[in-house]
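Asks: My questions will all concern the structure given below.
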Amino acid sequence: MGDTTFAPDSPNTTQPIAGRNGTPLERRMLKRGVPGEVGIWAFILTDMSVFAIYYIVVALSRSRQPEVFLHGRHLMSLPTGLLNTFFMLTASLFVALAVQYIRQGRNGTSQVLLVGAGLCGTGFVITKYFEWGAKLAAGYTPLSDNFFQLYFMLTGIHLLHVLVALVVLAYMSRKVTHIRQVPAASQMRFIENGASYWHMVDLIWLGLFALLYLAS
Amino acid sequence: MEKRFTPRTHRLCLWTGGPVMSVVYIVGWVVFARLIPAPSPGWSAQRLTDWLLGHQIQFLIGCAVMIGAAGLWGMWCAALSVWTYKTESRFPVLFATQVISVAAGLTFFIFDTLFWTVAAFRAGQRSPEITQAIWDVGWFGFLFTITVYIAWAVSIALGILWNPPEHQLFPRWSAFLTIGSALCWSAGLLIVFFKQGQFAYNGGLAMWLPLGEFFVWLAIMTVLGLRAISRQEQISRHEASQRGAQYGVYEPGKRDIFHPIEDSALIERPPESVAQLAGQDTR
Amino acid sequence: MTTTPVRSTVTSVRFIVGAWLTLLALTLLSGLFGAEHAVGALGVKGIDTAILLIAFAKVFVIAHAFMEHRHAAGWLRLSFAGWYVLVCGTLMALYWM
């Protein structure tokens with residue numbers, strides 16, 4: 001099948017690092033047409049479709065019980081939501097920058113950025129812990145009403161995605177330690193796959209933030 | 001051991017266990033059992049009993065149709081698992097995992113309909129609470145047992161991603177699609193907490209979405225499975241031209257009937273020529 | 001022969017950081033919309049529409065800049081475009097009902 005061929009794992013120190021049209025790794029990505037491999041995009045599109053259904057169900061449930069949803073929305077903490085969004089966006093920033101630096105052979109800097117992304121992801125998890133804790137302490141549980149059922153379950157499913165993303169980040173970091181100056185194609189593919197997954201986790205949060213914290 | 005590829009049975013298993021099973025099952029569910037919309041766990045036991053009694057015979061026919069379809073599903077899983085086997089034939093751990101998981105999954109797939117049938121069988125004649133308890137077991141069997149399906153899906157995916165690429169007949173992206181699908185199905189585990197809402201066992205996000213997604217994934221994998229069979233036919237024909245007539249593709253034809261006594265010579269010594277087969281060269 | 005790493009790449013660091021700043025700005029803007037409802041002439045439906053459009057604008061920026069869709073194959077960009085249109089459209093329709 002088409003996308004199983006790749007270059008052998010050897011440090012290509014004899015090639016120039018960057019040309020006019022970008023680094024060799026970027027040119028390979030451009031030729032392939034997608035960052036990472038086609039498969040990760042099949043996964044991303046599947047997961048995004050599932051979350052699209054989640055969003056539509058939130059909107060449908062809201063139209064059936066508008067008072068319940070308005071009441072629930074007013075109990076949501078906007079500053080906490082903004083903080084969560086900040087953590088997600090900044091983690092994505094660090095991951096995107098790390099990918100650029102890895103392509104340029106700057107592995108040390110990219111490791112720092114990956115740690116930064118991990119810290120942001122952890123910050124998100126900790127914020128979520130306190131946010132849920134506050135809701136539960138105030139007596140709102142997933143069994144309270146349909147708004148809170150959706151809030152806890154959907155942010156919970158997203159949280160699981162974030163936890164998996166943190167594990168993926170750890171593996172990406174480990175992959176970078178194995179890179180000798182410039183990554184081989186299979187290493188870059190893994191890193192780009194992981195980065196794309198991270199951006200997806202960020203992307204799906206934005207929908208939840210808009211529907212659960214902002215819209216009436 | 002037979003070395004030729006037998007695409008006819010492969011195609012039969014794939015078509016029967018996949019598309020045919022799906023159509024029959026959906027007809028049973030929608031037309032006869034009328035499980036759209038599905039009764040909520042929040043209903044009172046009496047309300048559930050009344051609903052069942054309202055179309056009892058039809059519902060029981062629907063269950064019979066659904067269970068008939070369910071029995072076919074194993075064929076589809078078998079048709080897929082052999083491609084994993086091809087990539088790991090000496091130590092087939094992922095193949096074995098698939099077979100074991102599907103055996104369990106198929107049992108659950110059958111017994112959820114079984115429990116719904118038993119609940120409907122004496123609805124009204126026994127206490128409504130008993131009817132509802134048996135009914136609930138059916139739904140939990142349908143959704144809460146998703147873990148074996150996840151193990152099955154993951155072993156299909158790993159068979160494509162982690163096994164050697166030389167004998168892969170499925171594209172890598174289908175493995176990623178399978179993993180994404182398994183994640184979607186796992187929402188079924190959340191039904192344990194809710195008696196109403198989207199994550200109850202009749203809910204949109206815990207039941208309808210995973211169920212719908214499963215059939216979409218099944219359709220895609222069926223198309224890929226048919227392509228795999230065609231590709232294997234090509235490979236086998238090429239093998240026959242390289243290594244001899246005992247390889248290749250078996251096409252059912254004139255010598256379909258095998259007579260154990262008269263044809264025992266074939267077992268002792270494989271035919272070396274068409275002439276020997278015709279009996280002109282006896283040794 | 002090894003050459004020292006050159007900073008010029010197809011996707012520049014400045015572009016990525018610029019995208020991030022845009023995302024933060026859009027987030028704060030949507031936060032303003034979410035905080036005070038029925039702002040002026042917009043009304044509740046207008047606010048909700050603005051919030052949804054901003055959210056999907058952010059999704060586009062992430063896909064375009066972070067996921068590197070700027071240079072991606074047509075089928076991928078088309079799939080995502082279909083997702084934006086279908087999902088945003090459906091949500092807006094439901095919020096307008």
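Chain labels run A, B, ... following the order of the structure tokens; each chain numbers its residues from 1, and ligands are numbered from 1 in the order shown.
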Could you work out which residues of chain B fall inside 12 Å of chain A? Count only C-alpha atoms, and format the result as a ChimeraX atom specification.

Replies: /B:157,160-187,189-200,203-206,208-210,212-214,216-217,227-228,231

Asks: Provide the atom CA of A:Thr90 to atom CA of A:Leu208 distance in Å, to one decimal place.

Replies: 17.2 Å

Asks: Work out how far atom CA of B:Ser22 is from atom CA of B:Ala219, in Å to one decimal.

Replies: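 One can read the atom CA of B:Ala219 to atom CA of B:Ser22 distance as 9.3 Å.
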
Asks: Excluding same-chain residues fewer than 4 positions from stretch 65-77 of chain B, what lies within 6 Å of it counting only C-alpha atoms, as a PDB file with C-alpha atoms, in the first residue's frame?

Replies:
```
ATOM      1  CA  CYS B  13     -18.541 -14.620   4.848  1.00  0.00           C
ATOM      2  CA  LEU B  14     -17.890 -10.943   4.257  1.00  0.00           C
ATOM      3  CA  GLY B  17     -21.846 -11.386   8.087  1.00  0.00           C
ATOM      4  CA  GLY B  18     -21.617  -7.708   7.181  1.00  0.00           C
ATOM      5  CA  MET B  21     -26.528  -9.109   8.788  1.00  0.00           C
ATOM      6  CA  VAL B  24     -31.728  -7.977   8.564  1.00  0.00           C
ATOM      7  CA  TYR B  25     -30.837  -6.706  12.050  1.00  0.00           C
ATOM      8  CA  GLY B  28     -35.848  -6.505  12.952  1.00  0.00           C
ATOM      9  CA  ILE B 110     -27.076 -12.706  20.920  1.00  0.00           C
TER      10      ILE B 110
END
```

Asks: From the set A:Leu25, A:Ala165, A:Ala52, A:Leu160, which residue has the shortest atom-to-atom contact distance to chain C, counting only C-alpha atoms?

Replies: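 Nearest candidate to chain C out of A:Leu25, A:Ala165, A:Ala52, A:Leu160: A:Ala52.
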
Asks: Counting only C-alpha atoms, what is within 8 Å of stretch 56-63 of chain C, bar same-chain residues fewer than 2 positions away, as a PDB file with N, CA and C atoms, in the first residue's frame?

Replies:
```pdb
ATOM      1  N   HIS A 199      -3.320  19.135  18.448  1.00  0.00           N
ATOM      2  CA  HIS A 199      -4.096  20.258  17.917  1.00  0.00           C
ATOM      3  C   HIS A 199      -5.565  19.905  17.828  1.00  0.00           C
ATOM      4  N   LEU A 203      -8.649  21.841  19.440  1.00  0.00           N
ATOM      5  CA  LEU A 203      -9.742  22.250  18.561  1.00  0.00           C
ATOM      6  C   LEU A 203     -11.102  21.844  19.123  1.00  0.00           C
ATOM      7  N   LEU A 206     -12.476  23.980  21.927  1.00  0.00           N
ATOM      8  CA  LEU A 206     -13.045  25.290  21.581  1.00  0.00           C
ATOM      9  C   LEU A 206     -14.548  25.210  21.384  1.00  0.00           C
ATOM     10  N   GLY A 207     -15.022  24.107  20.796  1.00  0.00           N
ATOM     11  CA  GLY A 207     -16.464  23.932  20.613  1.00  0.00           C
ATOM     12  C   GLY A 207     -17.175  23.796  21.949  1.00  0.00           C
TER      13      GLY A 207
ATOM     14  N   ALA C  19      -0.513  33.425  14.995  1.00  0.00           N
ATOM     15  CA  ALA C  19      -1.779  32.690  15.046  1.00  0.00           C
ATOM     16  C   ALA C  19      -2.246  32.543  16.488  1.00  0.00           C
ATOM     17  N   LEU C  23      -5.636  33.828  18.250  1.00  0.00           N
ATOM     18  CA  LEU C  23      -6.547  32.941  18.987  1.00  0.00           C
ATOM     19  C   LEU C  23      -6.871  33.508  20.358  1.00  0.00           C
ATOM     20  N   LEU C  26      -9.275  36.421  19.911  1.00  0.00           N
ATOM     21  CA  LEU C  26     -10.631  35.950  19.597  1.00  0.00           C
ATOM     22  C   LEU C  26     -11.288  35.345  20.832  1.00  0.00           C
ATOM     23  N   LEU C  52     -20.661  31.628  18.173  1.00  0.00           N
ATOM     24  CA  LEU C  52     -20.421  30.435  17.346  1.00  0.00           C
ATOM     25  C   LEU C  52     -19.452  30.751  16.203  1.00  0.00           C
ATOM     26  N   LEU C  53     -19.659  31.912  15.546  1.00  0.00           N
ATOM     27  CA  LEU C  53     -18.781  32.251  14.426  1.00  0.00           C
ATOM     28  C   LEU C  53     -17.340  32.429  14.903  1.00  0.00           C
ATOM     29  N   ILE C  54     -17.180  33.088  16.053  1.00  0.00           N
ATOM     30  CA  ILE C  54     -15.821  33.262  16.581  1.00  0.00           C
ATOM     31  C   ILE C  54     -15.197  31.908  16.900  1.00  0.00           C
ATOM     32  N   ALA C  65      -3.068  27.157  10.749  1.00  0.00           N
ATOM     33  CA  ALA C  65      -1.719  27.517  11.186  1.00  0.00           C
ATOM     34  C   ALA C  65      -1.023  26.376  11.931  1.00  0.00           C
ATOM     35  N   PHE C  66      -1.690  25.824  12.958  1.00  0.00           N
ATOM     36  CA  PHE C  66      -1.026  24.791  13.768  1.00  0.00           C
ATOM     37  C   PHE C  66      -0.988  23.459  13.057  1.00  0.00           C
ATOM     38  N   MET C  67      -2.141  23.057  12.462  1.00  0.00           N
ATOM     39  CA  MET C  67      -2.177  21.753  11.786  1.00  0.00           C
ATOM     40  C   MET C  67      -1.561  21.830  10.391  1.00  0.00           C
ATOM     41  N   GLU C  68      -1.075  23.016  10.011  1.00  0.00           N
ATOM     42  CA  GLU C  68      -0.368  23.222   8.742  1.00  0.00           C
ATOM     43  C   GLU C  68      -1.229  22.910   7.519  1.00  0.00           C
ATOM     44  N   HIS C  69      -2.510  23.274   7.572  1.00  0.00           N
ATOM     45  CA  HIS C  69      -3.380  23.047   6.429  1.00  0.00           C
ATOM     46  C   HIS C  69      -3.081  23.992   5.275  1.00  0.00           C
ATOM     47  N   TYR C  84     -16.542  22.435   8.977  1.00  0.00           N
ATOM     48  CA  TYR C  84     -16.857  23.778   9.493  1.00  0.00           C
ATOM     49  C   TYR C  84     -18.281  24.161   9.101  1.00  0.00           C
ATOM     50  N   CYS C  88     -21.077  24.243  11.979  1.00  0.00           N
ATOM     51  CA  CYS C  88     -21.429  25.617  12.347  1.00  0.00           C
ATOM     52  C   CYS C  88     -22.829  25.943  11.872  1.00  0.00           C
TER      53      CYS C  88
END
```

Asks: Just the residues within 12 Å of C:Ile47, please, counting only C-alpha atoms, with nothing from its chain fewer than 2 positions along; format it as a PyMOL selection string.

Replies: (chain A and resi 210+214-216) or (chain C and resi 29-45+49-54+92+95-96)

Asks: Mind pulling up the distance from atom CA of B:Val23 to atom CA of B:Asp136?

Replies: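 About the pair atom CA of B:Asp136 and atom CA of B:Val23: they are 25.0 Å apart.
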
Asks: Could you give me the residues within stretch 81-195 of chain B that DSSP places in alpha helix (DSSP H), as a ChimeraX atom specification?

Replies: /B:81-86,93-121,128-143,146-161,172-185

Asks: Go ahead and write the residues just picked, C-alpha atoms, as a PDB file, in the first residue's frame.

Replies:
```pdb
ATOM      1  CA  SER B  81      -9.365 -11.863  11.106  1.00  0.00           C
ATOM      2  CA  VAL B  82      -7.682 -14.039   8.477  1.00  0.00           C
ATOM      3  CA  TRP B  83      -5.957 -10.952   7.087  1.00  0.00           C
ATOM      4  CA  THR B  84      -4.427 -10.352  10.496  1.00  0.00           C
ATOM      5  CA  TYR B  85      -3.450 -14.020  10.529  1.00  0.00           C
ATOM      6  CA  LYS B  86      -1.671 -13.558   7.232  1.00  0.00           C
ATOM      7  CA  VAL B  93      -1.491 -13.546  18.980  1.00  0.00           C
ATOM      8  CA  LEU B  94      -3.612 -10.777  17.439  1.00  0.00           C
ATOM      9  CA  PHE B  95      -5.563 -13.280  15.380  1.00  0.00           C
ATOM     10  CA  ALA B  96      -6.252 -15.313  18.527  1.00  0.00           C
ATOM     11  CA  THR B  97      -7.287 -12.158  20.392  1.00  0.00           C
ATOM     12  CA  GLN B  98      -9.745 -11.319  17.646  1.00  0.00           C
ATOM     13  CA  VAL B  99     -11.248 -14.789  17.632  1.00  0.00           C
ATOM     14  CA  ILE B 100     -11.559 -14.882  21.413  1.00  0.00           C
ATOM     15  CA  SER B 101     -13.002 -11.353  21.636  1.00  0.00           C
ATOM     16  CA  VAL B 102     -15.478 -11.955  18.840  1.00  0.00           C
ATOM     17  CA  ALA B 103     -16.609 -15.209  20.425  1.00  0.00           C
ATOM     18  CA  ALA B 104     -17.418 -13.247  23.562  1.00  0.00           C
ATOM     19  CA  GLY B 105     -18.857 -10.300  21.656  1.00  0.00           C
ATOM     20  CA  LEU B 106     -21.075 -12.506  19.551  1.00  0.00           C
ATOM     21  CA  THR B 107     -22.372 -14.187  22.699  1.00  0.00           C
ATOM     22  CA  PHE B 108     -23.295 -10.791  24.137  1.00  0.00           C
ATOM     23  CA  PHE B 109     -24.776  -9.677  20.841  1.00  0.00           C
ATOM     24  CA  ILE B 110     -27.076 -12.706  20.920  1.00  0.00           C
ATOM     25  CA  PHE B 111     -27.933 -12.649  24.571  1.00  0.00           C
ATOM     26  CA  ASP B 112     -29.000  -9.030  24.682  1.00  0.00           C
ATOM     27  CA  THR B 113     -31.759  -9.880  22.219  1.00  0.00           C
ATOM     28  CA  LEU B 114     -32.355 -13.070  24.199  1.00  0.00           C
ATOM     29  CA  PHE B 115     -33.065 -11.098  27.366  1.00  0.00           C
ATOM     30  CA  TRP B 116     -35.322  -8.634  25.554  1.00  0.00           C
ATOM     31  CA  THR B 117     -37.236 -11.631  24.184  1.00  0.00           C
ATOM     32  CA  VAL B 118     -37.592 -13.258  27.600  1.00  0.00           C
ATOM     33  CA  ALA B 119     -38.775  -9.957  29.068  1.00  0.00           C
ATOM     34  CA  ALA B 120     -41.440  -9.655  26.370  1.00  0.00           C
ATOM     35  CA  PHE B 121     -42.351 -13.351  26.462  1.00  0.00           C
ATOM     36  CA  PRO B 128     -43.631  -5.631  35.889  1.00  0.00           C
ATOM     37  CA  GLU B 129     -40.527  -5.253  38.070  1.00  0.00           C
ATOM     38  CA  ILE B 130     -39.293  -8.649  36.927  1.00  0.00           C
ATOM     39  CA  THR B 131     -40.000  -7.737  33.318  1.00  0.00           C
ATOM     40  CA  GLN B 132     -38.031  -4.528  33.679  1.00  0.00           C
ATOM     41  CA  ALA B 133     -35.128  -6.234  35.437  1.00  0.00           C
ATOM     42  CA  ILE B 134     -34.745  -8.755  32.609  1.00  0.00           C
ATOM     43  CA  TRP B 135     -35.161  -5.939  30.066  1.00  0.00           C
ATOM     44  CA  ASP B 136     -32.362  -3.935  31.744  1.00  0.00           C
ATOM     45  CA  VAL B 137     -30.036  -6.952  31.591  1.00  0.00           C
ATOM     46  CA  GLY B 138     -30.572  -7.047  27.834  1.00  0.00           C
ATOM     47  CA  TRP B 139     -29.566  -3.394  27.434  1.00  0.00           C
ATOM     48  CA  PHE B 140     -26.535  -3.706  29.657  1.00  0.00           C
ATOM     49  CA  GLY B 141     -25.537  -6.767  27.672  1.00  0.00           C
ATOM     50  CA  PHE B 142     -25.890  -4.690  24.520  1.00  0.00           C
ATOM     51  CA  LEU B 143     -23.855  -1.659  25.598  1.00  0.00           C
ATOM     52  CA  ILE B 146     -18.332  -2.995  24.816  1.00  0.00           C
ATOM     53  CA  THR B 147     -14.878  -3.790  26.215  1.00  0.00           C
ATOM     54  CA  VAL B 148     -14.547  -7.028  24.248  1.00  0.00           C
ATOM     55  CA  TYR B 149     -15.435  -5.144  21.070  1.00  0.00           C
ATOM     56  CA  ILE B 150     -12.753  -2.615  21.903  1.00  0.00           C
ATOM     57  CA  ALA B 151     -10.187  -5.399  22.377  1.00  0.00           C
ATOM     58  CA  TRP B 152     -11.274  -6.808  19.025  1.00  0.00           C
ATOM     59  CA  ALA B 153     -11.042  -3.457  17.236  1.00  0.00           C
ATOM     60  CA  VAL B 154      -7.639  -2.665  18.756  1.00  0.00           C
ATOM     61  CA  SER B 155      -6.241  -6.037  17.688  1.00  0.00           C
ATOM     62  CA  ILE B 156      -7.458  -5.427  14.135  1.00  0.00           C
ATOM     63  CA  ALA B 157      -5.778  -2.012  14.200  1.00  0.00           C
ATOM     64  CA  LEU B 158      -2.500  -3.270  15.682  1.00  0.00           C
ATOM     65  CA  GLY B 159      -2.440  -6.073  13.126  1.00  0.00           C
ATOM     66  CA  ILE B 160      -2.328  -3.384  10.461  1.00  0.00           C
ATOM     67  CA  LEU B 161      -0.016  -0.895  12.192  1.00  0.00           C
ATOM     68  CA  ARG B 172      -2.898   1.974   7.354  1.00  0.00           C
ATOM     69  CA  TRP B 173      -5.583   4.620   7.575  1.00  0.00           C
ATOM     70  CA  SER B 174      -8.221   1.953   8.234  1.00  0.00           C
ATOM     71  CA  ALA B 175      -6.385   1.081  11.449  1.00  0.00           C
ATOM     72  CA  PHE B 176      -6.629   4.684  12.624  1.00  0.00           C
ATOM     73  CA  LEU B 177     -10.300   4.761  11.640  1.00  0.00           C
ATOM     74  CA  THR B 178     -10.849   1.575  13.680  1.00  0.00           C
ATOM     75  CA  ILE B 179      -9.182   3.069  16.753  1.00  0.00           C
ATOM     76  CA  GLY B 180     -11.279   6.224  16.413  1.00  0.00           C
ATOM     77  CA  SER B 181     -14.404   4.103  16.101  1.00  0.00           C
ATOM     78  CA  ALA B 182     -13.538   2.040  19.172  1.00  0.00           C
ATOM     79  CA  LEU B 183     -13.246   5.280  21.149  1.00  0.00           C
ATOM     80  CA  CYS B 184     -16.682   6.341  19.971  1.00  0.00           C
ATOM     81  CA  TRP B 185     -18.201   2.988  20.999  1.00  0.00           C
TER      82      TRP B 185
END
```

Asks: Rank nothing, just name the residue among A:Thr141, A:Gln181, A:Ser77, A:Ser196 nearest to chain C, using only C-alpha atoms.

Replies: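 So, comparing all the options, the nearest one is A:Ser196.
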
Asks: When distances are computed from only C-alpha atoms, which of C:Leu78, C:Val13, C:His64, C:Gly18 shows the smallest separation from chain A?

Replies: C:Val13
